[in-house]
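Structure data follow from protein18.pdb (PDB, C-alpha atoms and all ligand atoms):
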ATOM      1  CA  MET A   1     130.283 -79.027 -59.742
ATOM      2  CA  LYS A   2     131.008 -81.961 -62.017
ATOM      3  CA  ILE A   3     133.179 -79.836 -64.285
ATOM      4  CA  SER A   4     135.308 -78.359 -61.477
ATOM      5  CA  LYS A   5     136.040 -81.864 -60.154
ATOM      6  CA  LYS A   6     137.183 -82.864 -63.613
ATOM      7  CA  ILE A   7     139.407 -79.798 -63.827
ATOM      8  CA  ILE A   8     140.954 -80.521 -60.441
ATOM      9  CA  PHE A   9     141.578 -84.114 -61.499
ATOM     10  CA  ILE A  10     143.246 -83.043 -64.747
ATOM     11  CA  LEU A  11     145.326 -80.401 -62.998
ATOM     12  CA  THR A  12     146.509 -82.930 -60.400
ATOM     13  CA  LEU A  13     147.411 -85.349 -63.161
ATOM     14  CA  LEU A  14     149.357 -82.631 -64.981
ATOM     15  CA  LEU A  15     151.171 -81.701 -61.794
ATOM     16  CA  ILE A  16     152.221 -85.310 -61.185
ATOM     17  CA  MET A  17     153.423 -85.600 -64.776
ATOM     18  CA  MET A  18     155.397 -82.379 -64.522
ATOM     19  CA  THR A  19     157.106 -83.315 -61.285
ATOM     20  CA  ALA A  20     157.947 -86.696 -62.765
ATOM     21  CA  CYS A  21     159.739 -84.928 -65.601
ATOM     22  CA  VAL A  22     161.986 -82.850 -63.391
ATOM     23  CA  GLN A  23     163.030 -85.517 -60.919
ATOM     24  CA  GLN A  24     166.619 -85.544 -62.132
ATOM     25  CA  ASN A  25     169.454 -84.768 -59.806
ATOM     26  CA  ASN A  26     171.714 -81.786 -60.406
ATOM     27  CA  THR A  27     169.585 -80.225 -63.090
ATOM     28  CA  TYR A  28     167.480 -77.143 -63.199
ATOM     29  CA  PRO A  29     163.840 -77.680 -62.301
ATOM     30  CA  VAL A  30     162.692 -76.246 -65.608
ATOM     31  CA  GLU A  31     164.266 -77.145 -68.911
ATOM     32  CA  ILE A  32     164.150 -74.044 -71.117
ATOM     33  CA  PHE A  33     166.748 -74.797 -73.751
ATOM     34  CA  SER A  34     168.046 -78.321 -74.121
ATOM     35  CA  GLU A  35     171.547 -76.895 -74.636
ATOM     36  CA  MET A  36     171.391 -75.460 -71.129
ATOM     37  CA  HIS A  37     172.878 -78.702 -70.011
ATOM     38  CA  TYR A  38     175.880 -80.625 -71.031
ATOM     39  CA  ASN A  39     174.643 -83.770 -72.705
ATOM     40  CA  GLN A  40     176.160 -86.695 -70.837
ATOM     41  CA  ALA A  41     175.524 -88.939 -73.836
ATOM     42  CA  GLN A  42     178.338 -87.126 -75.659
ATOM     43  CA  LYS A  43     180.878 -87.858 -72.961
ATOM     44  CA  SER A  44     181.791 -91.270 -74.334
ATOM     45  CA  GLN A  45     182.862 -89.622 -77.610
ATOM     46  CA  GLU A  46     185.317 -87.301 -75.905
ATOM     47  CA  PRO A  47     188.995 -88.038 -75.706
ATOM     48  CA  PRO A  48     190.511 -87.920 -72.214
ATOM     49  CA  ARG A  49     191.399 -84.414 -71.068
ATOM     50  CA  VAL A  50     194.899 -83.245 -70.464
ATOM     51  CA  PRO A  51     194.972 -82.123 -66.827
ATOM     52  CA  ALA A  52     195.382 -78.406 -66.222
ATOM     53  CA  HIS A  53     198.789 -76.982 -65.502
ATOM     54  CA  PRO A  54     199.323 -77.094 -61.712
ATOM     55  CA  ASP A  55     200.102 -73.361 -61.539
ATOM     56  CA  SER A  56     197.295 -72.321 -63.838
ATOM     57  CA  VAL A  57     195.253 -69.307 -62.852
ATOM     58  CA  THR A  58     191.621 -68.968 -63.775
ATOM     59  CA  PHE A  59     191.788 -65.259 -64.467
ATOM     60  CA  SER A  60     194.478 -62.626 -64.389
ATOM     61  CA  GLU A  61     193.770 -58.947 -64.664
ATOM     62  CA  ILE A  62     194.826 -57.063 -67.756
ATOM     63  CA  GLY A  63     198.336 -55.798 -67.190
ATOM     64  CA  SER A  64     198.886 -58.251 -64.354
ATOM     65  CA  GLU A  65     202.390 -59.595 -63.821
ATOM     66  CA  LYS A  66     201.055 -63.115 -63.490
ATOM     67  CA  GLU A  67     202.079 -65.246 -66.405
ATOM     68  CA  LEU A  68     201.738 -68.932 -66.941
ATOM     69  CA  ASP A  69     205.135 -70.591 -66.964
ATOM     70  CA  MET A  70     204.756 -73.395 -69.466
ATOM     71  CA  SER A  71     208.311 -74.668 -69.111
ATOM     72  CA  SER A  72     207.227 -77.038 -66.363
ATOM     73  CA  ASN A  73     204.055 -78.031 -68.171
ATOM     74  CA  PRO A  74     203.382 -81.667 -67.276
ATOM     75  CA  ALA A  75     202.123 -82.116 -70.846
ATOM     76  CA  ASN A  76     205.762 -81.965 -71.915
ATOM     77  CA  ASN A  77     206.255 -85.269 -70.172
ATOM     78  CA  TYR A  78     203.370 -87.204 -71.656
ATOM     79  CA  ASP A  79     204.347 -90.294 -73.533
ATOM     80  CA  GLY A  80     203.410 -91.060 -77.110
ATOM     81  CA  SER A  81     200.604 -93.444 -76.264
ATOM     82  CA  TYR A  82     198.808 -90.879 -74.116
ATOM     83  CA  LEU A  83     199.303 -88.101 -76.667
ATOM     84  CA  TYR A  84     198.010 -90.404 -79.390
ATOM     85  CA  GLU A  85     194.971 -91.291 -77.303
ATOM     86  CA  VAL A  86     194.130 -87.652 -76.627
ATOM     87  CA  ASN A  87     194.742 -86.254 -80.112
ATOM     88  CA  CYS A  88     194.228 -88.982 -82.646
ATOM     89  CA  THR A  89     192.077 -91.910 -81.486
ATOM     90  CA  PHE A  90     188.695 -90.388 -82.196
ATOM     91  CA  CYS A  91     189.563 -90.385 -85.895
ATOM     92  CA  HIS A  92     192.251 -93.053 -86.310
ATOM     93  CA  GLY A  93     191.008 -95.494 -83.668
ATOM     94  CA  ALA A  94     192.691 -96.766 -80.534
ATOM     95  CA  ASN A  95     194.630 -99.380 -82.498
ATOM     96  CA  GLY A  96     195.423 -97.084 -85.445
ATOM     97  CA  ASN A  97     193.275 -98.854 -88.040
ATOM     98  CA  GLY A  98     191.512 -95.622 -89.063
ATOM     99  CA  ILE A  99     188.167 -96.553 -87.561
ATOM    100  CA  GLY A 100     187.791 -94.239 -84.582
ATOM    101  CA  PRO A 101     184.394 -93.199 -83.198
ATOM    102  CA  ALA A 102     184.289 -90.139 -85.485
ATOM    103  CA  ALA A 103     185.368 -91.969 -88.656
ATOM    104  CA  SER A 104     181.923 -93.097 -89.816
ATOM    105  CA  LYS A 105     180.574 -89.553 -89.353
ATOM    106  CA  ILE A 106     183.409 -88.046 -91.387
ATOM    107  CA  SER A 107     182.692 -89.980 -94.569
ATOM    108  CA  SER A 108     178.938 -90.216 -94.028
ATOM    109  CA  GLU A 109     176.410 -88.890 -96.533
ATOM    110  CA  GLU A 110     174.529 -87.452 -93.555
ATOM    111  CA  ASN A 111     177.427 -85.112 -93.050
ATOM    112  CA  TYR A 112     176.773 -81.397 -93.610
ATOM    113  CA  TRP A 113     179.833 -81.076 -95.839
ATOM    114  CA  TYR A 114     178.509 -83.818 -98.127
ATOM    115  CA  LYS A 115     175.060 -82.249 -98.271
ATOM    116  CA  VAL A 116     176.456 -78.872 -99.270
ATOM    117  CA  THR A 117     179.277 -79.860-101.606
ATOM    118  CA  GLY A 118     178.271 -83.350-102.723
ATOM    119  CA  GLU A 119     181.798 -84.488-101.886
ATOM    120  CA  LYS A 120     182.722 -86.950 -99.201
ATOM    121  CA  HIS A 121     185.565 -86.339 -96.796
ATOM    122  CA  LYS A 122     188.384 -88.841 -96.975
ATOM    123  CA  ASN A 123     188.343 -91.479 -94.273
ATOM    124  CA  PRO A 124     191.015 -91.225 -91.587
ATOM    125  CA  ALA A 125     194.001 -93.198 -92.848
ATOM    126  CA  ASN A 126     194.775 -96.677 -91.561
ATOM    127  CA  LEU A 127     198.052 -95.962 -89.802
ATOM    128  CA  LEU A 128     198.901 -99.648 -89.546
ATOM    129  CA  THR A 129     199.334 -99.889 -93.318
ATOM    130  CA  SER A 130     200.626 -96.377 -93.991
ATOM    131  CA  GLU A 131     203.621 -96.406 -96.297
ATOM    132  CA  LEU A 132     205.015 -93.162 -94.951
ATOM    133  CA  SER A 133     208.398 -93.262 -93.284
ATOM    134  CA  LYS A 134     208.462 -92.028 -89.703
ATOM    135  CA  ASP A 135     210.079 -88.750 -90.806
ATOM    136  CA  ASN A 136     207.462 -88.166 -93.486
ATOM    137  CA  ALA A 137     204.702 -89.004 -91.025
ATOM    138  CA  VAL A 138     206.007 -86.273 -88.717
ATOM    139  CA  VAL A 139     205.944 -83.794 -91.612
ATOM    140  CA  PHE A 140     202.429 -84.905 -92.565
ATOM    141  CA  ILE A 141     201.103 -84.555 -89.010
ATOM    142  CA  LYS A 142     202.603 -81.076 -88.684
ATOM    143  CA  GLY A 143     200.865 -79.913 -91.850
ATOM    144  CA  GLY A 144     197.598 -81.862 -91.623
ATOM    145  CA  ALA A 145     195.479 -82.654 -94.684
ATOM    146  CA  GLY A 146     191.836 -82.203 -95.500
ATOM    147  CA  LEU A 147     189.883 -82.744 -92.332
ATOM    148  CA  MET A 148     192.929 -83.684 -90.314
ATOM    149  CA  PRO A 149     194.149 -80.653 -88.389
ATOM    150  CA  ALA A 150     197.706 -79.372 -88.702
ATOM    151  CA  TYR A 151     199.383 -80.181 -85.397
ATOM    152  CA  GLU A 152     202.364 -77.887 -85.968
ATOM    153  CA  ASN A 153     201.164 -75.300 -83.485
ATOM    154  CA  MET A 154     199.417 -77.686 -81.121
ATOM    155  CA  LEU A 155     202.124 -80.212 -80.361
ATOM    156  CA  THR A 156     205.877 -79.834 -80.169
ATOM    157  CA  GLU A 157     208.145 -81.661 -82.614
ATOM    158  CA  ALA A 158     209.184 -83.990 -79.771
ATOM    159  CA  GLU A 159     205.570 -84.791 -78.951
ATOM    160  CA  ILE A 160     204.759 -85.550 -82.600
ATOM    161  CA  ARG A 161     207.817 -87.804 -82.786
ATOM    162  CA  ALA A 162     206.737 -89.565 -79.599
ATOM    163  CA  ILE A 163     203.322 -90.235 -81.157
ATOM    164  CA  VAL A 164     204.845 -91.514 -84.400
ATOM    165  CA  ASP A 165     207.257 -93.762 -82.455
ATOM    166  CA  TYR A 166     204.325 -95.155 -80.516
ATOM    167  CA  VAL A 167     202.223 -95.858 -83.634
ATOM    168  CA  TRP A 168     205.035 -97.138 -85.854
ATOM    169  CA  ASP A 169     206.868 -99.196 -83.188
ATOM    170  CA  ASP A 170     204.191-100.294 -80.722
ATOM    171  CA  LEU A 171     200.902-100.409 -82.619
ATOM    172  CA  ARG A 172     202.181-101.895 -85.859
TER     173      ARG A 172
HETATM  174  C1  LIG B 201     189.587 -85.102 -87.556
HETATM  175  C2  LIG B 201     190.090 -86.425 -87.797
HETATM  176  C3  LIG B 201     191.571 -86.672 -87.664
HETATM  177  C4  LIG B 201     192.374 -86.455 -86.562
HETATM  178  C5  LIG B 201     191.991 -85.856 -85.217
HETATM  179  C6  LIG B 201     193.684 -86.931 -86.929
HETATM  180  N1  LIG B 201     193.681 -87.386 -88.192
HETATM  181 FE1  LIG B 201     195.236 -88.189 -89.191
HETATM  182  N2  LIG B 201     194.136 -88.308 -90.881
HETATM  183  C7  LIG B 201     192.802 -87.977 -90.981
HETATM  184  C8  LIG B 201     192.382 -88.083 -92.357
HETATM  185  C9  LIG B 201     190.987 -87.781 -92.886
HETATM  186  C10 LIG B 201     193.510 -88.494 -93.090
HETATM  187  C11 LIG B 201     193.616 -88.700 -94.606
HETATM  188  C12 LIG B 201     193.996 -87.359 -95.175
HETATM  189  C13 LIG B 201     194.334 -87.398 -96.620
HETATM  190  O1  LIG B 201     194.932 -88.386 -97.088
HETATM  191  O2  LIG B 201     194.007 -86.411 -97.304
HETATM  192  C14 LIG B 201     194.587 -88.636 -92.125
HETATM  193  C15 LIG B 201     195.876 -89.037 -92.460
HETATM  194  C16 LIG B 201     196.894 -89.241 -91.534
HETATM  195  C17 LIG B 201     198.231 -89.724 -91.862
HETATM  196  C18 LIG B 201     198.756 -90.042 -93.260
HETATM  197  C19 LIG B 201     198.794 -91.519 -93.489
HETATM  198  C20 LIG B 201     199.159 -91.883 -94.895
HETATM  199  O3  LIG B 201     199.760 -92.948 -95.075
HETATM  200  O4  LIG B 201     198.807 -91.128 -95.810
HETATM  201  C21 LIG B 201     198.920 -89.799 -90.695
HETATM  202  C22 LIG B 201     200.374 -90.266 -90.499
HETATM  203  C23 LIG B 201     198.031 -89.365 -89.638
HETATM  204  N3  LIG B 201     196.823 -89.036 -90.191
HETATM  205  C24 LIG B 201     198.369 -89.322 -88.308
HETATM  206  C25 LIG B 201     197.599 -88.687 -87.339
HETATM  207  C26 LIG B 201     198.030 -88.461 -85.984
HETATM  208  C27 LIG B 201     199.335 -88.960 -85.392
HETATM  209  C28 LIG B 201     197.040 -87.759 -85.372
HETATM  210  C29 LIG B 201     197.041 -87.208 -83.960
HETATM  211  C30 LIG B 201     198.135 -86.338 -83.618
HETATM  212  C31 LIG B 201     195.969 -87.565 -86.339
HETATM  213  N4  LIG B 201     196.352 -88.134 -87.519
HETATM  214  C32 LIG B 201     194.775 -86.931 -86.062
HETATM  215  C33 LIG B 201     191.980 -87.588 -89.958
HETATM  216  C34 LIG B 201     192.406 -87.247 -88.694
END

In structure tokens, what does this structure look like?
Ligand code: HEC
Amino acid sequence: MKISKKIIFILTLLLIMMTACVQQNNTYPVEIFSEMHYNQAQKSQEPPRVPAHPDSVTFSEIGSEKELDMSSNPANNYDGSYLYEVNCTFCHGANGNGIGPAASKISSEENYWYKVTGEKHKNPANLLTSELSKDNAVVFIKGGAGLMPAYENMLTEAEIRAIVDYVWDDLR
């Protein structure tokens, strides 16, 4: 009799502990894999999202006539400061000094690249002291270097120029 009371007590305790663990809103009652859920802690490291095209379709059948007309893409009208914020701040920093939220991770010795190759990535450049002319900066951004992606196929020439104008004229 004594033992079964103990077992009931322990089971009740376990039950209370388990329910306490799953009292989060909007989550599954049982956590199987931690990656089941988007980790909200990472949200602060994300750049703002470019809103979807107003005519975008979630799915079109193969062979469907539906095609996305990008000519009216609102992204074509974004100004340099917004494009800079979305594409560049996490490395180069909001004020262009090269110390964005990702910068310390890039050159860190904790970095996988460093552990495998023994070489550190270059830090994102300080754009405030860059000696490149605006034209050369555009060429550089198109081609990328090292860890910096080549933006040639991601942004139009006009968008890259708008970013460079913003950094060279407004931030510096
Ligand atoms: C993933 C991080 C990362 C992102 C994102 C990134 N850069 Fe870079 N950028 C770097 C690194 C690292 C360097 C230094 C590369 C080198 O010298 O080899 C660099 C160098 C540069 C340079 C050259 C400066 C000089 O004087 O040599 C310019 C200009 C530049 N970035 C502009 C931009 C712009 C504009 C964007 C956004 C469209 C951008 N970068 C996005 C990491 C990044």

Extract, using all atoms listed in the file, all DNA, RNA and protein residues at most 9 Å from range 150-154 of chain A, discarding same-chain residues fewer than 6 positions from it, and format them as a ChimeraX atom specification.
/A:139-144,160

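Coordinates place CA of Leu147 in chain A at a distance of 13.0 Å from atom C22 of ligand LIG 201 (chain B).
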
Edge lengths and centre, in Å to one decimal, as JSON: that's what I need for the box along x, y and z that holds all listed atoms of ligand LIG 201 (chain B) plus 6 Å on each side.
{"center_x": 195.0, "center_y": -89.0, "center_z": -90.5, "size_x": 22.8, "size_y": 19.8, "size_z": 25.7}

At a cut-off of 7 Å around ligand LIG 201 (chain B), and using all atoms listed in the file, what residues come up? Please write them as a list of chain:residue names.
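Final answer, ordered by chain and number: A:Tyr84, A:Asn87, A:Cys88, A:Phe90, A:Cys91, A:His92, A:His121, A:Lys122, A:Asn123, A:Pro124, A:Ala125, A:Asn126, A:Leu127, A:Ser130, A:Glu131, A:Leu132, A:Ala137, A:Phe140, A:Ile141, A:Ala145, A:Gly146, A:Leu147, A:Met148, A:Pro149, A:Tyr151, A:Ile160, A:Ile163, A:Val164.
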
Grab the CA of Glu159 in chain A to CA of Ser133 in chain A distance for me, in Å with one decimal place.
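Interatomic distance, CA of Glu159 in chain A to CA of Ser133 in chain A: 16.9 Å.
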
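CA of Arg49 in chain A is found 16.5 Å from CA of Pro101 in chain A.
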
Quick check on the file I pasted: which residues fall under the PyMOL selection byres (((chain A and resi 128) around 8) and not hetatm)? Write them as a list of chain:residue names.
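Evaluating the PyMOL selection byres (((chain A and resi 128) around 8) and not hetatm) on these coordinates yields A:Gly96, A:Asn97, A:Asn126, A:Leu127, A:Thr129, A:Ser130, A:Val167, A:Trp168, A:Leu171, A:Arg172.
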
Return the single residue from A:Pro51, A:Asp169, A:Arg161, A:Thr12 that is closest to Asn136 in chain A, with distances computed using only C-alpha atoms.
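With only C-alpha atoms as the atom set, the closest residue is A:Arg161.
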